[in-house]
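Here is my_file12.csv, consisting of CSV, C-alpha atoms:
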chain,number,residue,atom,x,y,z
A,1,MET,CA,99.8,109.5,80.1
A,2,HIS,CA,98.1,112.3,78.1
A,3,GLY,CA,95.9,114.3,80.4
A,4,LEU,CA,97.5,113.3,83.7
A,5,ASN,CA,97.4,116.5,85.8
A,6,PHE,CA,97.7,117.4,89.3
A,7,ASP,CA,94.5,119.4,89.7
A,8,PRO,CA,92.7,119.1,93.0
A,9,PHE,CA,89.9,116.6,93.1
A,10,VAL,CA,86.9,115.8,95.3
A,11,GLY,CA,87.8,113.7,98.3
A,12,GLN,CA,91.4,114.8,98.5
A,13,GLN,CA,92.7,115.8,101.9
A,14,VAL,CA,94.5,119.2,102.0
A,15,LEU,CA,95.7,122.0,104.1
A,16,ALA,CA,94.5,125.4,103.2
A,17,ARG,CA,96.5,128.6,103.8
A,18,GLY,CA,95.0,130.6,106.5
A,19,TYR,CA,92.8,127.8,107.8
A,20,ARG,CA,93.6,125.5,110.7
A,21,GLY,CA,93.4,121.7,110.4
A,22,VAL,CA,92.9,119.2,107.7
A,23,TYR,CA,90.2,119.6,105.1
A,24,LYS,CA,88.6,117.4,102.5
A,25,ILE,CA,87.7,118.9,99.1
A,26,VAL,CA,84.0,118.6,98.5
A,27,SER,CA,83.8,120.5,95.2
A,28,VAL,CA,86.2,121.8,92.6
A,29,ARG,CA,85.6,124.7,90.3
A,30,SER,CA,87.7,125.1,87.1
A,31,PRO,CA,85.8,127.4,84.8
A,32,ASN,CA,86.4,127.3,81.1
A,33,LEU,CA,87.7,130.8,80.5
A,34,THR,CA,86.8,130.8,76.9
A,35,ALA,CA,83.1,130.4,77.7
A,36,VAL,CA,82.0,133.1,80.1
A,37,PRO,CA,78.8,132.0,81.9
A,38,GLU,CA,75.7,134.1,81.8
A,39,GLY,CA,75.5,136.5,84.7
A,40,TRP,CA,79.3,136.3,85.3
A,41,LYS,CA,80.9,139.1,87.3
A,42,PRO,CA,84.6,139.8,87.5
A,43,ASN,CA,84.7,139.1,91.2
A,44,ASP,CA,83.4,135.6,90.6
A,45,MET,CA,86.7,134.6,89.0
A,46,GLY,CA,89.0,135.4,91.9
A,47,ALA,CA,92.8,135.7,91.8
A,48,GLU,CA,93.2,132.4,89.8
A,49,GLY,CA,90.6,132.9,87.2
A,50,GLY,CA,87.9,131.1,89.3
A,51,ARG,CA,89.9,128.0,90.0
A,52,THR,CA,88.7,127.3,93.5
A,53,VAL,CA,87.6,124.5,95.8
A,54,ASP,CA,85.1,124.1,98.6
A,55,LEU,CA,86.4,122.4,101.7
A,56,ARG,CA,84.9,120.6,104.7
A,57,GLY,CA,87.0,120.1,107.8
A,58,VAL,CA,87.9,116.5,108.5
A,59,ALA,CA,87.8,116.9,112.3
A,60,SER,CA,85.7,120.0,112.8
A,61,ASP,CA,83.1,119.6,110.0
A,62,SER,CA,83.5,123.3,109.3
A,63,PHE,CA,82.8,124.4,105.7
A,64,VAL,CA,85.0,126.8,103.7
A,65,GLN,CA,83.9,128.1,100.3
A,66,SER,CA,85.9,129.2,97.2
A,67,VAL,CA,89.4,128.6,98.3
A,68,PRO,CA,91.9,129.3,95.5
A,69,TRP,CA,93.9,126.3,94.3
A,70,ALA,CA,97.1,128.1,95.0
A,71,TRP,CA,96.3,128.1,98.7
A,72,LEU,CA,96.2,124.4,98.9
A,73,ASP,CA,98.9,122.0,100.2
A,74,TYR,CA,98.8,118.3,100.2
A,75,VAL,CA,98.5,116.7,103.6
A,76,ASP,CA,101.5,114.5,102.9
A,77,GLU,CA,103.5,113.3,100.0
A,78,THR,CA,100.7,111.0,98.7
A,79,GLY,CA,99.1,113.7,96.5
A,80,PRO,CA,100.8,112.7,93.2
A,81,VAL,CA,99.7,109.1,93.8
A,82,TRP,CA,96.1,110.0,94.3
A,83,HIS,CA,96.2,112.1,91.2
A,84,ALA,CA,97.7,109.3,89.2
A,85,ILE,CA,95.1,106.8,90.3
A,86,GLU,CA,92.3,109.2,89.7
A,87,TRP,CA,93.7,109.8,86.2
A,88,LEU,CA,93.9,106.0,85.7
A,89,LYS,CA,90.2,105.7,86.5
A,90,GLU,CA,89.5,107.9,83.5
A,91,ASN,CA,92.2,106.5,81.3
A,92,PRO,CA,92.4,102.8,82.3
A,93,VAL,CA,95.2,100.7,80.8
A,94,VAL,CA,93.4,97.8,82.5
A,95,PRO,CA,89.8,98.5,83.5
A,96,PHE,CA,89.1,99.2,87.2
A,97,PRO,CA,87.3,96.0,88.3
A,98,ASP,CA,83.8,96.8,89.4
A,99,TYR,CA,84.4,95.1,92.8
A,100,VAL,CA,87.1,97.6,93.7
A,101,LEU,CA,85.3,99.9,96.2
A,102,ASP,CA,87.9,102.3,97.4
A,103,TYR,CA,91.6,102.8,97.9
A,104,GLN,CA,94.0,104.4,100.3
A,105,VAL,CA,97.5,105.7,99.9
A,106,GLU,CA,100.0,105.8,102.7
A,107,ALA,CA,103.6,107.1,102.7
A,108,ARG,CA,105.9,105.2,105.0
A,109,ASP,CA,109.1,103.2,104.9
A,110,ASP,CA,109.2,99.6,103.8
A,111,HIS,CA,110.8,96.7,105.7
A,112,GLN,CA,114.2,97.7,104.3
A,113,GLY,CA,113.8,101.3,105.5
A,114,ASN,CA,113.2,102.7,102.0
A,115,PRO,CA,110.7,105.5,101.6
A,116,SER,CA,107.6,103.9,100.0
A,117,PHE,CA,104.1,104.5,99.0
A,118,TYR,CA,101.6,101.8,100.0
A,119,VAL,CA,98.5,101.9,97.8
A,120,ARG,CA,95.8,99.5,99.0
A,121,PHE,CA,92.7,98.8,97.0
A,122,PHE,CA,89.6,97.6,98.9
A,123,VAL,CA,87.4,95.1,97.2
A,124,GLU,CA,84.1,93.5,98.0
A,125,PRO,CA,84.5,90.5,100.4
A,126,ASP,CA,84.6,87.1,98.6
A,127,ASP,CA,85.2,83.9,100.4
A,128,GLN,CA,86.1,81.9,97.3
A,129,PRO,CA,87.5,84.2,94.6
A,130,SER,CA,87.9,82.5,91.3
A,131,ALA,CA,91.3,82.0,89.7
A,132,GLU,CA,90.1,84.3,86.9
A,133,LYS,CA,89.2,87.0,89.4
A,134,ILE,CA,92.6,86.9,91.1
A,135,LYS,CA,94.3,87.0,87.7
A,136,GLU,CA,92.2,90.0,86.7
A,137,LEU,CA,93.0,91.7,90.0
A,138,ASN,CA,96.7,91.2,89.7
A,139,ARG,CA,96.6,92.5,86.1
A,140,PHE,CA,94.9,95.6,87.5
A,141,LEU,CA,97.3,96.0,90.4
A,142,ASP,CA,100.3,95.6,88.0
A,143,SER,CA,98.9,98.4,85.8
A,144,VAL,CA,98.7,100.7,88.7
A,145,SER,CA,102.2,99.9,89.9
A,146,THR,CA,103.6,100.3,86.3
A,147,LEU,CA,102.0,103.8,86.1
A,148,LEU,CA,103.4,104.8,89.5
A,149,LEU,CA,106.8,103.6,88.6
A,150,SER,CA,106.8,105.5,85.3
A,151,LEU,CA,106.2,108.8,87.3
A,152,GLY,CA,109.7,108.5,88.8
A,153,LEU,CA,108.5,109.3,92.3
A,154,ASP,CA,110.9,109.6,95.2
A,155,ARG,CA,109.1,106.7,97.0
A,156,TRP,CA,108.8,103.1,95.9
A,157,PRO,CA,105.2,102.1,95.1
A,158,TYR,CA,103.7,99.0,96.7
A,159,VAL,CA,100.3,98.2,95.3
A,160,GLN,CA,98.1,95.8,97.4
A,161,VAL,CA,94.6,94.6,97.8
A,162,SER,CA,92.4,93.8,100.8
A,163,GLU,CA,88.8,93.0,101.4
A,164,LYS,CA,86.8,96.0,102.6
A,165,GLN,CA,85.5,93.8,105.5
A,166,SER,CA,88.9,93.3,107.0
A,167,LEU,CA,89.2,97.0,107.7
A,168,LEU,CA,86.0,96.8,109.7
A,169,ASN,CA,87.3,93.8,111.7
A,170,VAL,CA,90.4,95.6,112.7
A,171,ALA,CA,88.5,98.7,113.7
A,172,SER,CA,85.9,96.8,115.8
B,1,MET,CA,109.7,68.6,92.6
B,2,SER,CA,112.2,71.2,93.8
B,3,LEU,CA,112.1,72.9,97.1
B,4,ALA,CA,111.0,76.1,95.4
B,5,GLU,CA,108.1,74.4,93.7
B,6,GLU,CA,107.1,72.6,96.9
B,7,LEU,CA,107.0,76.0,98.7
B,8,LEU,CA,104.8,77.4,96.0
B,9,VAL,CA,102.4,74.5,96.2
B,10,GLN,CA,102.3,74.8,100.0
B,11,ALA,CA,101.5,78.5,99.7
B,12,ARG,CA,98.5,77.8,97.5
B,13,PHE,CA,97.4,75.0,99.8
B,14,LEU,CA,97.6,77.2,102.9
B,15,ALA,CA,95.9,80.1,101.3
B,16,SER,CA,92.9,77.9,100.3
B,17,LEU,CA,92.4,76.3,103.8
B,18,ASP,CA,89.4,77.1,106.0
B,19,PRO,CA,86.9,78.0,103.2
B,20,HIS,CA,84.7,80.5,105.2
B,21,ASN,CA,86.9,81.6,108.0
B,22,PRO,CA,90.6,81.7,107.1
B,23,VAL,CA,93.0,81.5,109.9
B,24,GLN,CA,95.6,84.2,110.2
B,25,ALA,CA,98.4,81.7,110.8
B,26,ASN,CA,97.7,79.9,107.6
B,27,LEU,CA,97.4,83.1,105.5
B,28,ARG,CA,100.6,84.4,107.0
B,29,ARG,CA,102.5,81.2,106.3
B,30,ALA,CA,101.1,81.2,102.8
B,31,VAL,CA,102.6,84.6,102.1
B,32,SER,CA,105.9,83.5,103.6
B,33,SER,CA,106.0,80.3,101.6
B,34,ALA,CA,105.1,82.2,98.4
B,35,TYR,CA,108.1,84.5,99.0
B,36,TYR,CA,110.5,81.7,99.9
B,37,GLY,CA,109.4,79.7,96.9
B,38,VAL,CA,110.6,82.6,94.7
B,39,PHE,CA,113.7,83.1,96.9
B,40,HIS,CA,114.7,79.5,96.4
B,41,LEU,CA,113.9,79.5,92.8
B,42,PHE,CA,116.4,82.3,92.2
B,43,SER,CA,118.9,81.0,94.7
B,44,ALA,CA,119.0,77.7,92.8
B,45,GLU,CA,119.3,79.5,89.5
B,46,VAL,CA,122.1,81.7,90.6
B,47,ALA,CA,124.0,78.7,92.0
B,48,ALA,CA,123.5,76.8,88.8
B,49,GLN,CA,124.8,79.7,86.8
B,50,PHE,CA,128.0,80.1,88.7
B,51,ILE,CA,128.7,76.4,89.7
B,52,SER,CA,128.3,74.3,86.6
B,53,SER,CA,130.7,71.7,88.0
B,54,GLY,CA,132.7,71.1,91.1
B,55,PRO,CA,132.7,69.2,94.3
B,56,SER,CA,129.5,68.0,96.0
B,57,GLY,CA,127.9,70.6,98.2
B,58,LEU,CA,129.5,73.7,96.4
B,59,ARG,CA,126.3,74.6,94.7
B,60,LYS,CA,124.2,74.3,97.9
B,61,ARG,CA,126.8,76.4,99.8
B,62,THR,CA,126.4,79.1,97.0
B,63,GLN,CA,122.7,79.1,97.5
B,64,ARG,CA,123.2,79.5,101.2
B,65,ALA,CA,125.3,82.6,100.5
B,66,MET,CA,122.4,84.5,98.9
B,67,ASN,CA,121.4,87.6,100.7
B,68,HIS,CA,117.8,88.9,100.9
B,69,ASN,CA,118.9,92.6,101.0
B,70,SER,CA,121.1,92.3,97.9
B,71,MET,CA,118.4,90.5,96.1
B,72,TYR,CA,115.9,93.2,97.0
B,73,ARG,CA,118.2,95.9,95.8
B,74,ALA,CA,118.8,94.2,92.5
B,75,ALA,CA,115.1,93.6,92.0
B,76,GLU,CA,114.3,97.2,92.8
B,77,SER,CA,116.7,98.3,90.1
B,78,PHE,CA,115.4,95.9,87.5
B,79,SER,CA,111.9,97.0,88.3
B,80,GLN,CA,112.5,100.6,87.1
B,81,PRO,CA,111.3,101.5,83.6
B,82,GLY,CA,114.1,102.5,81.3
B,83,THR,CA,116.7,101.1,79.1
B,84,ARG,CA,119.0,99.7,81.8
B,85,PRO,CA,118.7,99.0,85.5
B,86,ARG,CA,119.7,102.0,87.6
B,87,ASN,CA,123.2,101.6,89.2
B,88,LEU,CA,124.1,98.6,87.0
B,89,PRO,CA,127.8,99.1,86.3
B,90,MET,CA,128.2,100.7,82.9
B,91,ASP,CA,130.8,98.1,81.8
B,92,ILE,CA,128.2,95.4,81.9
B,93,ASP,CA,126.7,95.3,78.4
B,94,LEU,CA,123.1,94.2,78.3
B,95,ALA,CA,121.9,92.0,75.5
B,96,GLY,CA,119.0,94.4,74.7
B,97,PRO,CA,116.2,96.2,76.6
B,98,ILE,CA,114.9,94.7,79.8
B,99,TYR,CA,111.7,92.9,78.8
B,100,ALA,CA,108.4,93.5,80.5
B,101,ALA,CA,108.4,89.9,81.9
B,102,LEU,CA,111.7,90.5,83.7
B,103,ILE,CA,110.5,93.9,85.1
B,104,SER,CA,107.4,92.1,86.3
B,105,ILE,CA,109.5,89.4,87.9
B,106,ALA,CA,111.6,92.0,89.7
B,107,LYS,CA,108.6,94.0,90.9
B,108,GLY,CA,106.9,90.8,92.2
B,109,PHE,CA,110.0,89.7,94.0
B,110,GLU,CA,110.2,93.1,95.8
B,111,LEU,CA,106.5,93.0,96.7
B,112,LEU,CA,106.7,89.5,98.0
B,113,GLN,CA,109.7,90.2,100.2
B,114,ASP,CA,108.0,93.2,101.8
B,115,GLU,CA,104.8,91.2,102.4
B,116,ARG,CA,106.7,88.3,103.8
B,117,HIS,CA,108.2,90.6,106.3
B,118,THR,CA,104.8,91.9,107.3
B,119,ALA,CA,103.3,88.4,107.4
B,120,ASP,CA,106.1,87.1,109.7
B,121,TYR,CA,106.5,90.1,112.0
B,122,ASP,CA,103.7,92.7,111.9
B,123,VAL,CA,100.8,91.5,114.1
B,124,SER,CA,99.0,94.9,113.7
B,125,ARG,CA,98.2,93.9,110.1
B,126,SER,CA,95.5,91.4,109.3
B,127,PHE,CA,95.6,89.4,106.1
B,128,ASP,CA,92.5,88.2,104.1
B,129,ARG,CA,92.2,85.5,101.6
B,130,ILE,CA,91.9,87.6,98.4
B,131,GLU,CA,95.0,89.5,99.4
B,132,VAL,CA,96.9,86.3,100.0
B,133,LEU,CA,95.7,84.6,96.9
B,134,ALA,CA,96.8,87.6,94.9
B,135,LEU,CA,100.3,87.3,96.3
B,136,VAL,CA,100.4,83.6,95.7
B,137,LYS,CA,99.4,84.3,92.1
B,138,THR,CA,102.2,86.8,91.9
B,139,ALA,CA,104.7,84.1,93.0
B,140,GLU,CA,103.2,81.6,90.5
B,141,ASP,CA,103.5,84.2,87.7
B,142,ILE,CA,107.1,84.7,88.6
B,143,PHE,CA,107.7,81.0,88.1
B,144,THR,CA,105.9,81.0,84.8
B,145,ASP,CA,107.6,84.2,83.5
B,146,TRP,CA,111.0,83.0,84.6
B,147,SER,CA,110.6,79.7,82.7
B,148,GLN,CA,110.6,81.9,79.5
B,149,GLU,CA,112.7,84.8,80.6
B,150,LYS,CA,115.6,82.6,81.8
B,151,ARG,CA,116.5,82.0,78.1
B,152,SER,CA,116.7,85.8,77.4
B,153,GLY,CA,120.0,87.5,77.0
B,154,ASN,CA,119.6,89.5,80.2
B,155,ALA,CA,118.7,86.6,82.5
B,156,SER,CA,122.4,86.0,83.4
B,157,VAL,CA,122.8,89.7,84.3
B,158,PHE,CA,119.7,89.5,86.5
B,159,LEU,CA,121.0,86.4,88.3
B,160,ALA,CA,124.4,87.8,88.8
B,161,SER,CA,122.9,91.0,90.1
B,162,LEU,CA,120.8,89.1,92.7
B,163,MET,CA,124.0,87.6,94.1
B,164,PHE,CA,126.5,90.6,93.7
B,165,TRP,CA,124.4,93.8,93.7
B,166,GLN,CA,126.0,95.2,96.8
B,167,LEU,CA,129.4,94.2,95.7
B,168,TRP,CA,129.4,95.6,92.2
B,169,ASN,CA,130.8,99.0,93.1
B,170,LYS,CA,133.4,98.0,95.6
For the structure just supplied, provide its representation as structure tokens.
Amino acid sequence: MHGLNFDPFVGQQVLARGYRGVYKIVSVRSPNLTAVPEGWKPNDMGAEGGRTVDLRGVASDSFVQSVPWAWLDYVDETGPVWHAIEWLKENPVVPFPDYVLDYQVEARDDHQGNPSFYVRFFVEPDDQPSAEKIKELNRFLDSVSTLLLSLGLDRWPYVQVSEKQSLLNVAS
Amino acid sequence: MSLAEELLVQARFLASLDPHNPVQANLRRAVSSAYYGVFHLFSAEVAAQFISSGPSGLRKRTQRAMNHNSMYRAAESFSQPGTRPRNLPMDIDLAGPIYAALISIAKGFELLQDERHTADYDVSRSFDRIEVLALVKTAEDIFTDWSQEKRSGNASVFLASLMFWQLWNK
């Protein structure tokens, strides 16, 4: 798992110290300190050497610029799982199938009352998926579950799949 | 064909019904059948391991004594990466490392049991075909993997764990 880190990433939901409500990260800055950009001024770097994010409110749509990483908190315990999956996108053990559109992570108890993470990948609707596609999908889901288990998290990882469409059906 | 195999076939059949508009009841029963196929596969294996001879009905009674919760706990422990399952009593010597196939079997069992619970009781969740086919395939893979893994040195420990996990440390 070389390179797996817990840096913030675009799309992650966070709390920011001094700001009310939940925000989504819209950009991440992590300047390479060995290469000072042209026109750089000391104040550009901030307290953390310029490692900042820009945020947009989830409910309010308000925009906050240049928030230091140290001011961020995960909305819930799912942060490490998001990080691991984002890392896996860049370092796939099994390639991300191109029909995987999105994913969500939820922290809740399973049917036995054990603290668990539920990772659900959303795929393009397909009335008659081939056996080969299901096989490939399961291989992919298994690779995610293996990675999450190897992290030794406090919650048990369940990795599932759904069609994107079924979410729309439930919502409508 | 054994009951376990029949349930697996039924799971695939139910998951494939209604080509363009799958019915929730069929998809949910498919998930349930997939889990129970695996449950009965291991119940029968455990009973066969412990009751090699004896009066008629003893083996079936042993199968009936299997406990979902204990099986879940054992599967959870065998799913963990590492040299030996967590909480397995130290005086039980393993034949070697736990192979990937057995880890995969244990992970699949746990997933299927949780999904079976959702399928049977949680009406707020909606199942779709690809999800259910993936779960049926997980069950089918467990059957396939077990046909090889049952000959491994650690298979007997796994089977005993399914039966006795909650009693090991009394």
Within 7 Å of Val105 (chain A) using only C-alpha atoms, minus same-chain residues under 5 positions, as an MDAnalysis selection string: chainID A and resid 78 117:120
For a quick test of understanding: name the residues of chain A lying within 9 Å of chain B when counting all atoms listed in the file, and present them as a VMD selection string. chain A and resid 110 to 112 123 125 to 129 131 134 to 135 137 to 138 142 145 to 146 149 to 150 152 156 158 to 163 166 to 167 169 to 170
To one decimal place in Å, what is the distance between CA of Tyr99 (chain A) and CA of Phe121 (chain A)?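 Distance reported for this atom pair: 10.0 Å.
Candidate residues A:Gln104, A:Ser27, A:Gln12, A:Asn114 were compared for distance to Val64 (chain A), and the nearest is A:Ser27, using only C-alpha atoms.
By only C-alpha atoms, and with residues fewer than 3 positions from Pro8 (chain A) along its chain excluded, the set lying at most 10 Å from it is Asn5, Gly11, Gln12, Gln13, Val14, Ile25, Ser27, Val28, Arg29, Ser30, Arg51, Thr52, Val53, Trp69, Leu72, Asp73, Tyr74, Gly79, Trp82 and His83 of chain A.
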